[in-house]
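Here's query_38.txt, which has compact mmCIF, C-alpha atoms:
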```txt
# COMPACT_ATOMS: atom_id res chain seq x y z
CA MET J 1 61.19 -140.84 -295.00
CA SER J 2 61.25 -141.07 -291.22
CA GLU J 3 60.78 -144.35 -289.33
CA ILE J 4 57.40 -143.23 -287.96
CA ASP J 5 56.17 -142.15 -291.41
CA GLU J 6 57.26 -145.46 -292.87
CA LEU J 7 55.47 -147.54 -290.24
CA THR J 8 52.41 -145.32 -290.66
CA ARG J 9 52.40 -145.94 -294.40
CA THR J 10 52.80 -149.70 -293.99
CA LEU J 11 49.87 -149.78 -291.56
CA ARG J 12 47.73 -147.69 -293.90
CA GLU J 13 48.43 -150.08 -296.77
CA PHE J 14 47.64 -153.01 -294.48
CA ALA J 15 44.22 -151.54 -293.63
CA LYS J 16 43.52 -150.54 -297.23
CA GLY J 17 44.39 -153.99 -298.56
CA ARG J 18 41.79 -155.59 -296.28
CA ASP J 19 39.13 -152.90 -296.77
CA TRP J 20 39.41 -152.05 -293.08
CA GLU J 21 39.68 -148.30 -293.52
CA ARG J 22 35.92 -147.93 -293.06
CA PHE J 23 36.28 -149.39 -289.53
CA HIS J 24 39.17 -147.10 -288.66
CA THR J 25 37.25 -144.02 -287.56
CA PRO J 26 38.94 -141.99 -284.80
CA LYS J 27 36.32 -143.17 -282.30
CA ASN J 28 36.83 -146.83 -283.14
CA LEU J 29 40.63 -146.53 -283.09
CA VAL J 30 40.54 -144.81 -279.69
CA MET J 31 38.45 -147.70 -278.43
CA ALA J 32 40.93 -150.18 -279.90
CA ILE J 33 43.73 -148.36 -278.03
CA SER J 34 41.74 -148.82 -274.79
CA GLY J 35 41.29 -152.48 -275.61
CA GLU J 36 44.99 -153.07 -276.24
CA ALA J 37 46.05 -150.97 -273.23
CA GLY J 38 43.74 -153.21 -271.19
CA GLU J 39 45.39 -156.36 -272.51
CA LEU J 40 48.77 -154.89 -271.61
CA ALA J 41 47.49 -154.05 -268.10
CA ALA J 42 46.26 -157.63 -267.71
CA GLU J 43 49.81 -158.91 -268.19
CA PHE J 44 51.04 -156.85 -265.22
CA GLN J 45 48.08 -156.74 -262.85
CA TRP J 46 49.20 -159.32 -260.30
CA LEU J 47 52.94 -158.59 -260.46
CA SER J 48 54.68 -156.45 -257.88
CA SER J 49 56.59 -153.47 -259.26
CA GLU J 50 59.81 -155.36 -258.54
CA GLU J 51 58.66 -158.41 -260.46
CA SER J 52 57.65 -156.18 -263.37
CA CYS J 53 61.21 -154.79 -263.44
CA SER J 54 62.79 -158.18 -263.91
CA LEU J 55 60.50 -159.03 -266.83
CA LYS J 56 63.03 -157.68 -269.28
CA ASP J 57 65.28 -160.63 -268.45
CA LEU J 58 62.54 -163.09 -269.37
CA PRO J 59 61.16 -164.16 -272.72
CA THR J 60 58.63 -161.35 -272.97
CA GLN J 61 57.60 -161.90 -276.55
CA ASN J 62 53.99 -161.59 -275.48
CA ILE J 63 54.40 -158.22 -273.81
CA GLU J 64 56.38 -156.90 -276.74
CA LEU J 65 53.49 -157.77 -279.05
CA GLU J 66 50.93 -156.17 -276.72
CA ILE J 67 53.03 -152.99 -276.73
CA ALA J 68 53.12 -153.17 -280.53
CA ASP J 69 49.32 -153.45 -280.64
CA VAL J 70 48.87 -150.22 -278.68
CA ALA J 71 51.42 -148.49 -280.92
CA ILE J 72 49.81 -149.78 -284.12
CA TYR J 73 46.40 -148.30 -283.29
CA LEU J 74 48.03 -145.09 -282.08
CA LEU J 75 49.81 -144.71 -285.43
CA ARG J 76 46.57 -145.46 -287.30
CA LEU J 77 44.76 -142.83 -285.21
CA CYS J 78 47.44 -140.23 -285.98
CA ASP J 79 47.18 -141.12 -289.65
CA VAL J 80 43.40 -140.74 -289.92
CA MET J 81 43.37 -137.62 -287.72
CA GLU J 82 46.34 -136.11 -289.57
CA VAL J 83 48.30 -135.68 -286.35
CA ASN J 84 52.09 -135.60 -286.64
CA LEU J 85 52.99 -137.86 -283.72
CA ALA J 86 56.62 -136.79 -283.31
CA ASP J 87 55.60 -133.13 -283.32
CA ALA J 88 52.80 -133.79 -280.81
CA ILE J 89 55.24 -135.56 -278.48
CA LYS J 90 57.74 -132.69 -278.74
CA LYS J 91 54.98 -130.17 -278.06
CA LYS J 92 53.90 -132.10 -274.98
CA ILE J 93 57.49 -132.36 -273.71
CA ARG J 94 57.83 -128.57 -273.95
CA ILE J 95 54.60 -128.15 -271.96
CA ASN J 96 55.84 -130.60 -269.33
CA GLU J 97 59.18 -128.80 -269.10
CA LYS J 98 57.34 -125.65 -268.05
CA ARG J 99 54.95 -127.51 -265.74
CA PHE J 100 57.69 -129.47 -264.02
CA PRO J 101 60.83 -127.32 -264.02
CA ILE J 102 64.02 -128.98 -262.78
CA THR J 103 64.68 -127.81 -259.23
CA THR J 104 68.30 -127.62 -258.25
CA MET K 105 69.93 -141.75 -284.67
CA SER K 106 66.32 -142.61 -285.56
CA GLU K 107 63.39 -140.37 -284.67
CA ILE K 108 62.05 -142.93 -282.15
CA ASP K 109 65.46 -143.34 -280.50
CA GLU K 110 65.83 -139.59 -280.23
CA LEU K 111 62.42 -139.11 -278.61
CA THR K 112 63.18 -142.03 -276.29
CA ARG K 113 66.43 -140.40 -275.21
CA THR K 114 64.79 -137.03 -274.61
CA LEU K 115 62.12 -138.67 -272.45
CA ARG K 116 64.73 -140.62 -270.50
CA GLU K 117 66.66 -137.42 -269.78
CA PHE K 118 63.41 -135.72 -268.76
CA ALA K 119 62.67 -138.45 -266.21
CA LYS K 120 66.27 -138.58 -264.98
CA GLY K 121 66.43 -134.81 -264.49
CA ARG K 122 63.40 -134.92 -262.17
CA ASP K 123 64.45 -138.11 -260.34
CA TRP K 124 61.33 -139.83 -261.72
CA GLU K 125 63.08 -142.96 -262.94
CA ARG K 126 62.29 -144.73 -259.66
CA PHE K 127 58.55 -144.30 -260.43
CA HIS K 128 58.93 -145.58 -263.98
CA THR K 129 58.73 -149.33 -263.33
CA PRO K 130 57.10 -151.35 -266.13
CA LYS K 131 54.00 -151.92 -263.97
CA ASN K 132 53.59 -148.22 -263.21
CA LEU K 133 54.15 -147.20 -266.82
CA VAL K 134 51.59 -149.73 -268.05
CA MET K 135 49.13 -148.23 -265.59
CA ALA K 136 49.97 -144.73 -266.84
CA ILE K 137 49.24 -145.92 -270.40
CA SER K 138 45.81 -147.14 -269.20
CA GLY K 139 45.23 -143.78 -267.55
CA GLU K 140 46.11 -141.79 -270.65
CA ALA K 141 44.19 -144.15 -272.96
CA GLY K 142 41.21 -143.54 -270.67
CA GLU K 143 41.56 -139.76 -270.99
CA LEU K 144 41.68 -140.15 -274.76
CA ALA K 145 38.55 -142.35 -274.65
CA ALA K 146 36.78 -139.69 -272.58
CA GLU K 147 37.27 -137.17 -275.41
CA PHE K 148 35.40 -139.44 -277.84
CA GLN K 149 32.81 -141.23 -275.70
CA TRP K 150 29.72 -139.24 -276.62
CA LEU K 151 30.62 -138.56 -280.26
CA SER K 152 29.19 -140.59 -283.09
CA SER K 153 31.74 -142.20 -285.39
CA GLU K 154 30.86 -139.61 -288.01
CA GLU K 155 31.44 -136.73 -285.60
CA SER K 156 34.77 -138.26 -284.62
CA CYS K 157 35.79 -138.23 -288.30
CA SER K 158 35.25 -134.52 -288.68
CA LEU K 159 37.35 -133.71 -285.62
CA LYS K 160 40.43 -133.33 -287.74
CA ASP K 161 38.94 -130.14 -289.18
CA LEU K 162 38.56 -128.67 -285.72
CA PRO K 163 41.10 -127.24 -283.31
CA THR K 164 41.99 -130.58 -281.74
CA GLN K 165 44.99 -129.43 -279.77
CA ASN K 166 43.64 -131.27 -276.76
CA ILE K 167 43.32 -134.61 -278.51
CA GLU K 168 46.76 -134.25 -280.02
CA LEU K 169 48.22 -133.83 -276.54
CA GLU K 170 46.28 -136.83 -275.17
CA ILE K 171 47.67 -138.92 -278.03
CA ALA K 172 51.14 -137.65 -277.15
CA ASP K 173 50.64 -138.70 -273.51
CA VAL K 174 49.88 -142.30 -274.49
CA ALA K 175 52.90 -142.32 -276.81
CA ILE K 176 55.20 -140.82 -274.17
CA TYR K 177 54.50 -143.56 -271.63
CA LEU K 178 54.69 -146.20 -274.35
CA LEU K 179 58.16 -144.97 -275.30
CA ARG K 180 59.23 -144.89 -271.63
CA LEU K 181 57.95 -148.46 -271.21
CA CYS K 182 59.93 -149.64 -274.24
CA ASP K 183 62.99 -147.88 -272.87
CA VAL K 184 62.87 -149.47 -269.40
CA MET K 185 61.90 -152.89 -270.79
CA GLU K 186 64.55 -152.69 -273.54
CA VAL K 187 61.97 -153.31 -276.24
CA ASN K 188 62.77 -151.97 -279.71
CA LEU K 189 59.40 -150.47 -280.61
CA ALA K 190 59.87 -150.28 -284.38
CA ASP K 191 61.01 -153.92 -284.47
CA ALA K 192 58.09 -155.01 -282.27
CA ILE K 193 55.62 -153.25 -284.59
CA LYS K 194 57.20 -154.86 -287.67
CA LYS K 195 57.07 -158.28 -285.98
CA LYS K 196 53.39 -157.79 -285.19
CA ILE K 197 52.61 -156.67 -288.74
CA ARG K 198 54.20 -159.88 -290.09
CA ILE K 199 52.07 -161.94 -287.68
CA ASN K 200 48.93 -160.06 -288.76
CA GLU K 201 49.79 -160.57 -292.44
CA LYS K 202 49.65 -164.32 -291.86
CA ARG K 203 46.54 -164.14 -289.68
CA PHE K 204 44.63 -161.92 -292.09
CA PRO K 205 45.79 -162.73 -295.62
CA ILE K 206 44.50 -160.51 -298.40
CA THR K 207 41.71 -162.32 -300.20
CA THR K 208 41.34 -161.54 -303.86
CA MET A 209 13.08 -153.71 -255.09
CA SER A 210 16.75 -154.63 -254.76
CA GLU A 211 19.49 -152.08 -254.12
CA ILE A 212 20.95 -152.57 -257.61
CA ASP A 213 17.54 -152.20 -259.28
CA GLU A 214 16.90 -149.05 -257.32
CA LEU A 215 20.22 -147.44 -258.28
CA THR A 216 19.63 -148.51 -261.88
CA ARG A 217 16.23 -146.82 -261.89
CA THR A 218 17.59 -143.62 -260.36
CA LEU A 219 20.32 -143.48 -263.01
CA ARG A 220 17.80 -144.12 -265.79
CA GLU A 221 15.62 -141.25 -264.55
CA PHE A 222 18.71 -139.05 -264.32
CA ALA A 223 19.59 -139.71 -267.97
CA LYS A 224 15.99 -139.37 -269.12
CA GLY A 225 15.53 -136.04 -267.34
CA ARG A 226 18.49 -134.57 -269.21
CA ASP A 227 17.66 -136.14 -272.58
CA TRP A 228 20.92 -138.10 -272.38
CA GLU A 229 19.44 -141.48 -273.25
CA ARG A 230 20.28 -140.94 -276.93
CA PHE A 231 24.00 -140.75 -275.96
CA HIS A 232 23.81 -143.89 -273.84
CA THR A 233 24.30 -146.52 -276.54
CA PRO A 234 26.14 -149.65 -275.40
CA LYS A 235 29.22 -148.63 -277.42
CA ASN A 236 29.35 -145.16 -275.87
CA LEU A 237 28.79 -146.48 -272.35
CA VAL A 238 31.56 -149.04 -272.76
CA MET A 239 33.84 -146.21 -273.83
CA ALA A 240 32.78 -144.17 -270.80
CA ILE A 241 33.68 -147.16 -268.58
CA SER A 242 37.16 -147.17 -270.17
CA GLY A 243 37.44 -143.46 -269.55
CA GLU A 244 36.49 -143.73 -265.88
CA ALA A 245 38.64 -146.83 -265.34
CA GLY A 246 41.51 -144.78 -266.77
CA GLU A 247 40.89 -141.94 -264.32
CA LEU A 248 40.88 -144.47 -261.49
CA ALA A 249 44.17 -145.93 -262.78
CA ALA A 250 45.67 -142.44 -262.87
CA GLU A 251 45.06 -142.08 -259.12
CA PHE A 252 47.17 -145.19 -258.42
CA GLN A 253 49.81 -145.20 -261.13
CA TRP A 254 52.78 -143.90 -259.17
CA LEU A 255 51.91 -145.52 -255.83
CA SER A 256 53.55 -148.72 -254.66
CA SER A 257 51.17 -151.56 -253.81
CA GLU A 258 51.93 -150.92 -250.13
CA GLU A 259 51.09 -147.23 -250.44
CA SER A 260 47.85 -148.14 -252.22
CA CYS A 261 46.93 -150.34 -249.24
CA SER A 262 47.19 -147.52 -246.74
CA LEU A 263 44.94 -145.24 -248.81
CA LYS A 264 41.89 -146.44 -246.94
CA ASP A 265 43.16 -144.58 -243.87
CA LEU A 266 43.31 -141.32 -245.78
CA PRO A 267 40.56 -138.98 -246.95
CA THR A 268 39.97 -140.78 -250.23
CA GLN A 269 36.83 -138.95 -251.26
CA ASN A 270 38.29 -138.57 -254.73
CA ILE A 271 38.91 -142.26 -255.25
CA GLU A 272 35.49 -143.14 -253.90
CA LEU A 273 33.92 -140.88 -256.53
CA GLU A 274 36.05 -142.36 -259.32
CA ILE A 275 34.90 -145.82 -258.27
CA ALA A 276 31.31 -144.54 -258.33
CA ASP A 277 31.81 -143.23 -261.88
CA VAL A 278 32.86 -146.65 -263.17
CA ALA A 279 29.90 -148.26 -261.36
CA ILE A 280 27.43 -145.68 -262.69
CA TYR A 281 28.29 -146.36 -266.33
CA LEU A 282 28.35 -150.09 -265.66
CA LEU A 283 24.81 -149.92 -264.26
CA ARG A 284 23.68 -147.80 -267.22
CA LEU A 285 25.20 -150.34 -269.62
CA CYS A 286 23.40 -153.22 -267.89
CA ASP A 287 20.18 -151.24 -268.06
CA VAL A 288 20.33 -150.48 -271.79
CA MET A 289 21.57 -153.99 -272.63
CA GLU A 290 19.01 -155.62 -270.36
CA VAL A 291 21.68 -157.51 -268.45
CA ASN A 292 20.87 -158.52 -264.88
CA LEU A 293 24.14 -157.56 -263.19
CA ALA A 294 23.75 -159.64 -260.03
CA ASP A 295 22.89 -162.73 -262.11
CA ALA A 296 25.84 -162.11 -264.45
CA ILE A 297 28.21 -161.84 -261.47
CA LYS A 298 26.85 -165.06 -259.96
CA LYS A 299 27.17 -166.84 -263.31
CA LYS A 300 30.79 -165.69 -263.60
CA ILE A 301 31.58 -166.80 -260.03
CA ARG A 302 30.28 -170.30 -260.86
CA ILE A 303 32.50 -170.40 -263.96
CA ASN A 304 35.50 -169.28 -261.91
CA GLU A 305 34.78 -171.89 -259.25
CA LYS A 306 35.18 -174.58 -261.89
CA ARG A 307 38.21 -172.92 -263.49
CA PHE A 308 40.01 -172.39 -260.20
CA PRO A 309 38.98 -175.19 -257.82
CA ILE A 310 40.20 -174.90 -254.24
CA THR A 311 43.16 -177.21 -253.77
CA THR A 312 43.54 -178.67 -250.30
CA MET R 313 21.99 -158.27 -245.95
CA SER R 314 21.85 -156.26 -249.16
CA GLU R 315 22.49 -157.77 -252.58
CA ILE R 316 25.76 -155.84 -252.97
CA ASP R 317 26.98 -156.88 -249.50
CA GLU R 318 26.17 -160.49 -250.26
CA LEU R 319 28.06 -160.49 -253.58
CA THR R 320 30.96 -158.72 -251.85
CA ARG R 321 31.09 -161.41 -249.18
CA THR R 322 30.98 -164.23 -251.72
CA LEU R 323 33.84 -162.65 -253.67
CA ARG R 324 35.88 -162.17 -250.49
CA GLU R 325 35.42 -165.83 -249.58
CA PHE R 326 36.38 -166.80 -253.12
CA ALA R 327 39.66 -164.86 -252.88
CA LYS R 328 40.37 -166.08 -249.35
CA GLY R 329 39.80 -169.73 -250.31
CA ARG R 330 42.47 -169.48 -253.02
CA ASP R 331 44.91 -167.41 -250.98
CA TRP R 332 44.49 -164.59 -253.50
CA GLU R 333 43.94 -161.83 -250.97
CA ARG R 334 47.64 -160.97 -251.02
CA PHE R 335 47.31 -160.13 -254.75
CA HIS R 336 44.22 -157.99 -254.18
CA THR R 337 45.89 -154.71 -253.25
CA PRO R 338 43.99 -151.60 -254.34
CA LYS R 339 46.63 -150.87 -257.00
CA ASN R 340 46.42 -154.37 -258.47
CA LEU R 341 42.61 -154.38 -258.42
CA VAL R 342 42.48 -151.00 -260.17
CA MET R 343 44.76 -152.45 -262.83
CA ALA R 344 42.50 -155.51 -263.15
CA ILE R 345 39.54 -153.15 -263.67
CA SER R 346 41.48 -151.48 -266.52
CA GLY R 347 42.22 -154.88 -267.98
CA GLU R 348 38.60 -156.01 -267.90
CA ALA R 349 37.31 -152.65 -269.15
CA GLY R 350 39.73 -153.09 -272.05
CA GLU R 351 38.35 -156.54 -272.86
CA LEU R 352 34.85 -155.08 -272.82
CA ALA R 353 35.98 -152.27 -275.16
CA ALA R 354 37.47 -154.84 -277.52
CA GLU R 355 34.02 -156.43 -277.95
CA PHE R 356 32.59 -153.13 -279.18
CA GLN R 357 35.46 -151.43 -280.99
CA TRP R 358 34.46 -152.12 -284.59
CA LEU R 359 30.69 -151.90 -284.13
CA SER R 360 28.72 -148.80 -285.02
CA SER R 361 26.63 -147.33 -282.21
CA GLU R 362 23.54 -148.68 -283.97
CA GLU R 363 24.98 -152.19 -284.17
CA SER R 364 25.88 -152.00 -280.48
CA CYS R 365 22.24 -151.18 -279.69
CA SER R 366 20.93 -154.32 -281.34
CA LEU R 367 23.33 -156.55 -279.40
CA LYS R 368 20.78 -157.09 -276.69
CA ASP R 369 18.75 -159.15 -279.13
CA LEU R 370 21.68 -161.47 -279.76
CA PRO R 371 23.23 -164.17 -277.62
CA THR R 372 25.54 -161.84 -275.72
CA GLN R 373 26.70 -164.31 -273.10
CA ASN R 374 30.24 -163.15 -273.71
CA ILE R 375 29.55 -159.48 -273.11
CA GLU R 376 27.54 -160.29 -270.01
CA LEU R 377 30.55 -162.10 -268.57
CA GLU R 378 32.91 -159.25 -269.45
CA ILE R 379 30.59 -156.85 -267.65
CA ALA R 380 30.61 -159.22 -264.67
CA ASP R 381 34.43 -159.22 -264.65
CA VAL R 382 34.57 -155.42 -264.35
CA ALA R 383 31.95 -155.52 -261.59
CA ILE R 384 33.74 -158.31 -259.70
CA TYR R 385 37.01 -156.37 -259.43
CA LEU R 386 35.11 -153.20 -258.59
CA LEU R 387 33.38 -154.98 -255.69
CA ARG R 388 36.71 -156.43 -254.52
CA LEU R 389 38.25 -152.94 -254.64
CA CYS R 390 35.42 -151.49 -252.58
CA ASP R 391 35.83 -154.33 -250.11
CA VAL R 392 39.57 -153.89 -249.56
CA MET R 393 39.31 -150.08 -249.53
CA GLU R 394 36.29 -150.17 -247.22
CA VAL R 395 34.22 -148.10 -249.63
CA ASN R 396 30.44 -148.49 -249.45
CA LEU R 397 29.65 -148.69 -253.16
CA ALA R 398 25.93 -147.87 -252.96
CA ASP R 399 26.68 -144.82 -250.79
CA ALA R 400 29.46 -143.69 -253.13
CA ILE R 401 27.11 -143.94 -256.13
CA LYS R 402 24.40 -141.98 -254.31
CA LYS R 403 26.94 -139.32 -253.31
CA LYS R 404 28.08 -139.02 -256.93
CA ILE R 405 24.49 -138.76 -258.19
CA ARG R 406 23.87 -135.87 -255.79
CA ILE R 407 27.00 -134.12 -257.08
CA ASN R 408 25.89 -134.66 -260.68
CA GLU R 409 22.41 -133.33 -259.90
CA LYS R 410 23.98 -130.03 -258.87
CA ARG R 411 26.43 -129.99 -261.78
CA PHE R 412 23.80 -130.79 -264.38
CA PRO R 413 20.49 -129.31 -263.21
CA ILE R 414 17.41 -130.16 -265.25
CA THR R 415 16.56 -127.22 -267.45
CA THR R 416 12.91 -126.75 -268.19
```

Render the structure in this file as structure tokens.
Amino acid sequence: MSEIDELTRTLREFAKGRDWERFHTPKNLVMAISGEAGELAAEFQWLSSEESCSLKDLPTQNIELEIADVAIYLLRLCDVMEVNLADAIKKKIRINEKRFPITT
Amino acid sequence: MSEIDELTRTLREFAKGRDWERFHTPKNLVMAISGEAGELAAEFQWLSSEESCSLKDLPTQNIELEIADVAIYLLRLCDVMEVNLADAIKKKIRINEKRFPITT
Amino acid sequence: MSEIDELTRTLREFAKGRDWERFHTPKNLVMAISGEAGELAAEFQWLSSEESCSLKDLPTQNIELEIADVAIYLLRLCDVMEVNLADAIKKKIRINEKRFPITT
Amino acid sequence: MSEIDELTRTLREFAKGRDWERFHTPKNLVMAISGEAGELAAEFQWLSSEESCSLKDLPTQNIELEIADVAIYLLRLCDVMEVNLADAIKKKIRINEKRFPITT
């Protein structure tokens, strides 16, 4: 079982165990992604781009967990919408390769 | 090499090949995640929760690609911030398990 | 009638005339605000802070309209939730004045 | 002086008094709008549309202040970008009137 499938299954069990599946409609999960993306934005809003680059040398536990929150709801959304995330990413990369060809 | 690592590497090569790495500061990538999360929200804003649930029976190519866009910038962010995404997700799940114990 | 009340009334008439009021639940409007905030973010994501500062000297028609979109849904939300926006802003400023006193 | 101009001036003084103007670049303010829109989304993410409609009968102090936060950064953005918000909204309404004519 792939890493993504395994995380997806763990998150599904987590929701099921707390009777949260009824809240996890696609619409609600998309809104939760916006919410978590907003919290992530809030961590960076007053930093310059340069300051944001040096964050990786700092204890960024908080940011790591905000990133995880976005990813968790994204995986839940893929699960309930039956989207294969790795395939979707690969499909999008192929589209971008045509849209933005490498110029040499 | 894990699925996530492989996608991360492909996306890094994609950025490198187009000389886009200089744009991919943590701050800019976080903003791109907000942008893509917003596009995803726009797809669902006028749907009822019930309608959003039946989307998976429709040709949802568009939504799949919006989901991929969020994931792509999230993977790029983890790459430039040297965050191990799978580990971050697992860490967050453990925190949530303590915060929201299963009541029986 | 104040400027904000007048814009609010125009937007209410606009929605009513198109039978859109049934879509304008607080939840949906909040999601529309996320969507429009995301489109605004997308306009700025790859710019440096310095570049973003010089935008006001450029034809920024597009950005102006994105800002308007966020404001429009915010006014609709206040209307359907019966929130007086000017009062809410003043209340928040008073809270911030206590939270962040001027140090001399 | 209009209500919007007055709030704008108060917010400018607030930022100036705390030496925050240097943080209030358009890019940073747009990111702050995303952050606050995300916090607003988080308040509504698990509610049904119906539940969100009945919120106005509840003590929604919190939501009112989240709405104010979005508006505050939007006004600051208009101020630093020299955008007349009321004019921008009116311009957008005229565009929407053409895009979505009333059908009778």

Within 8 Å of chain A: residues of chain J, using all atoms listed in the file, as a list of chain:residue names: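 Applying the cut-off to the listed atoms yields J:Met31, J:Ser34, J:Ser48, J:Ser49.
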
Could you tell me how far CA of Ala71 in chain J sits from CA of Glu117 in chain K, in Å to one decimal place? 21.9 Å

Using only C-alpha atoms, determine which residues lie at most 9 Å from Leu11 in chain J, disregarding the query and same-chain residues fewer than 4 positions distant; provide the list as a PDB file with C-alpha atoms, in the coordinates of the input.
```pdb
ATOM      1  CA  GLU J   6      57.260-145.460-292.870  1.00  0.00           C
ATOM      2  CA  LEU J   7      55.470-147.540-290.240  1.00  0.00           C
ATOM      3  CA  ALA J  15      44.220-151.540-293.630  1.00  0.00           C
ATOM      4  CA  LYS J  16      43.520-150.540-297.230  1.00  0.00           C
ATOM      5  CA  ILE J  72      49.810-149.780-284.120  1.00  0.00           C
ATOM      6  CA  LEU J  75      49.810-144.710-285.430  1.00  0.00           C
ATOM      7  CA  ARG J  76      46.570-145.460-287.300  1.00  0.00           C
TER       8      ARG J  76
ATOM      9  CA  ILE K 197      52.610-156.670-288.740  1.00  0.00           C
TER      10      ILE K 197
END
```

Using all atoms listed in the file, which of A:Val291, A:Ile275, A:Ile303, A:Ile212 sits nearest Leu367 in chain R?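 Of the candidates, the smallest distance to Leu367 in chain R is held by A:Val291.
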
Have a look at J:Asp87, J:Glu97, J:Asp79, J:Asp69 and name the one nearest to Thr8 in chain J; count only C-alpha atoms.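 Smallest distance to Thr8 in chain J is found for J:Asp79.
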
Atom-to-atom span, CA of Leu273 in chain A and CA of Glu140 in chain K, Å: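 We find that CA of Leu273 in chain A and CA of Glu140 in chain K lie 18.7 Å from each other.
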
Interatomic distance (Å, one decimal) between CA of Phe412 in chain R and CA of Leu293 in chain A: 26.8 Å

Can you pull out the residues contacting Asn374 in chain R? Cut-off 10 Å, using only C-alpha atoms, and skip same-chain residues under 6 positions away; I want them as a PDB file with C-alpha atoms, in the coordinates of the input.
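Final output, around.pdb:
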```pdb
ATOM      1  CA  LEU R 352      34.850-155.080-272.820  1.00  0.00           C
ATOM      2  CA  GLU R 355      34.020-156.430-277.950  1.00  0.00           C
ATOM      3  CA  ALA R 380      30.610-159.220-264.670  1.00  0.00           C
TER       4      ALA R 380
END
```

Give, as AutoDock Vina command-line options, the centre coordinates and the x, y and z edge lengths in Å to one decimal for an axis-aligned box around all listed atoms of range 5-15 of chain J, padded by 4 Å on each side.
```
--center_x 50.7 --center_y -147.6 --center_z -293.5 --size_x 21.0 --size_y 18.9 --size_z 14.5
```
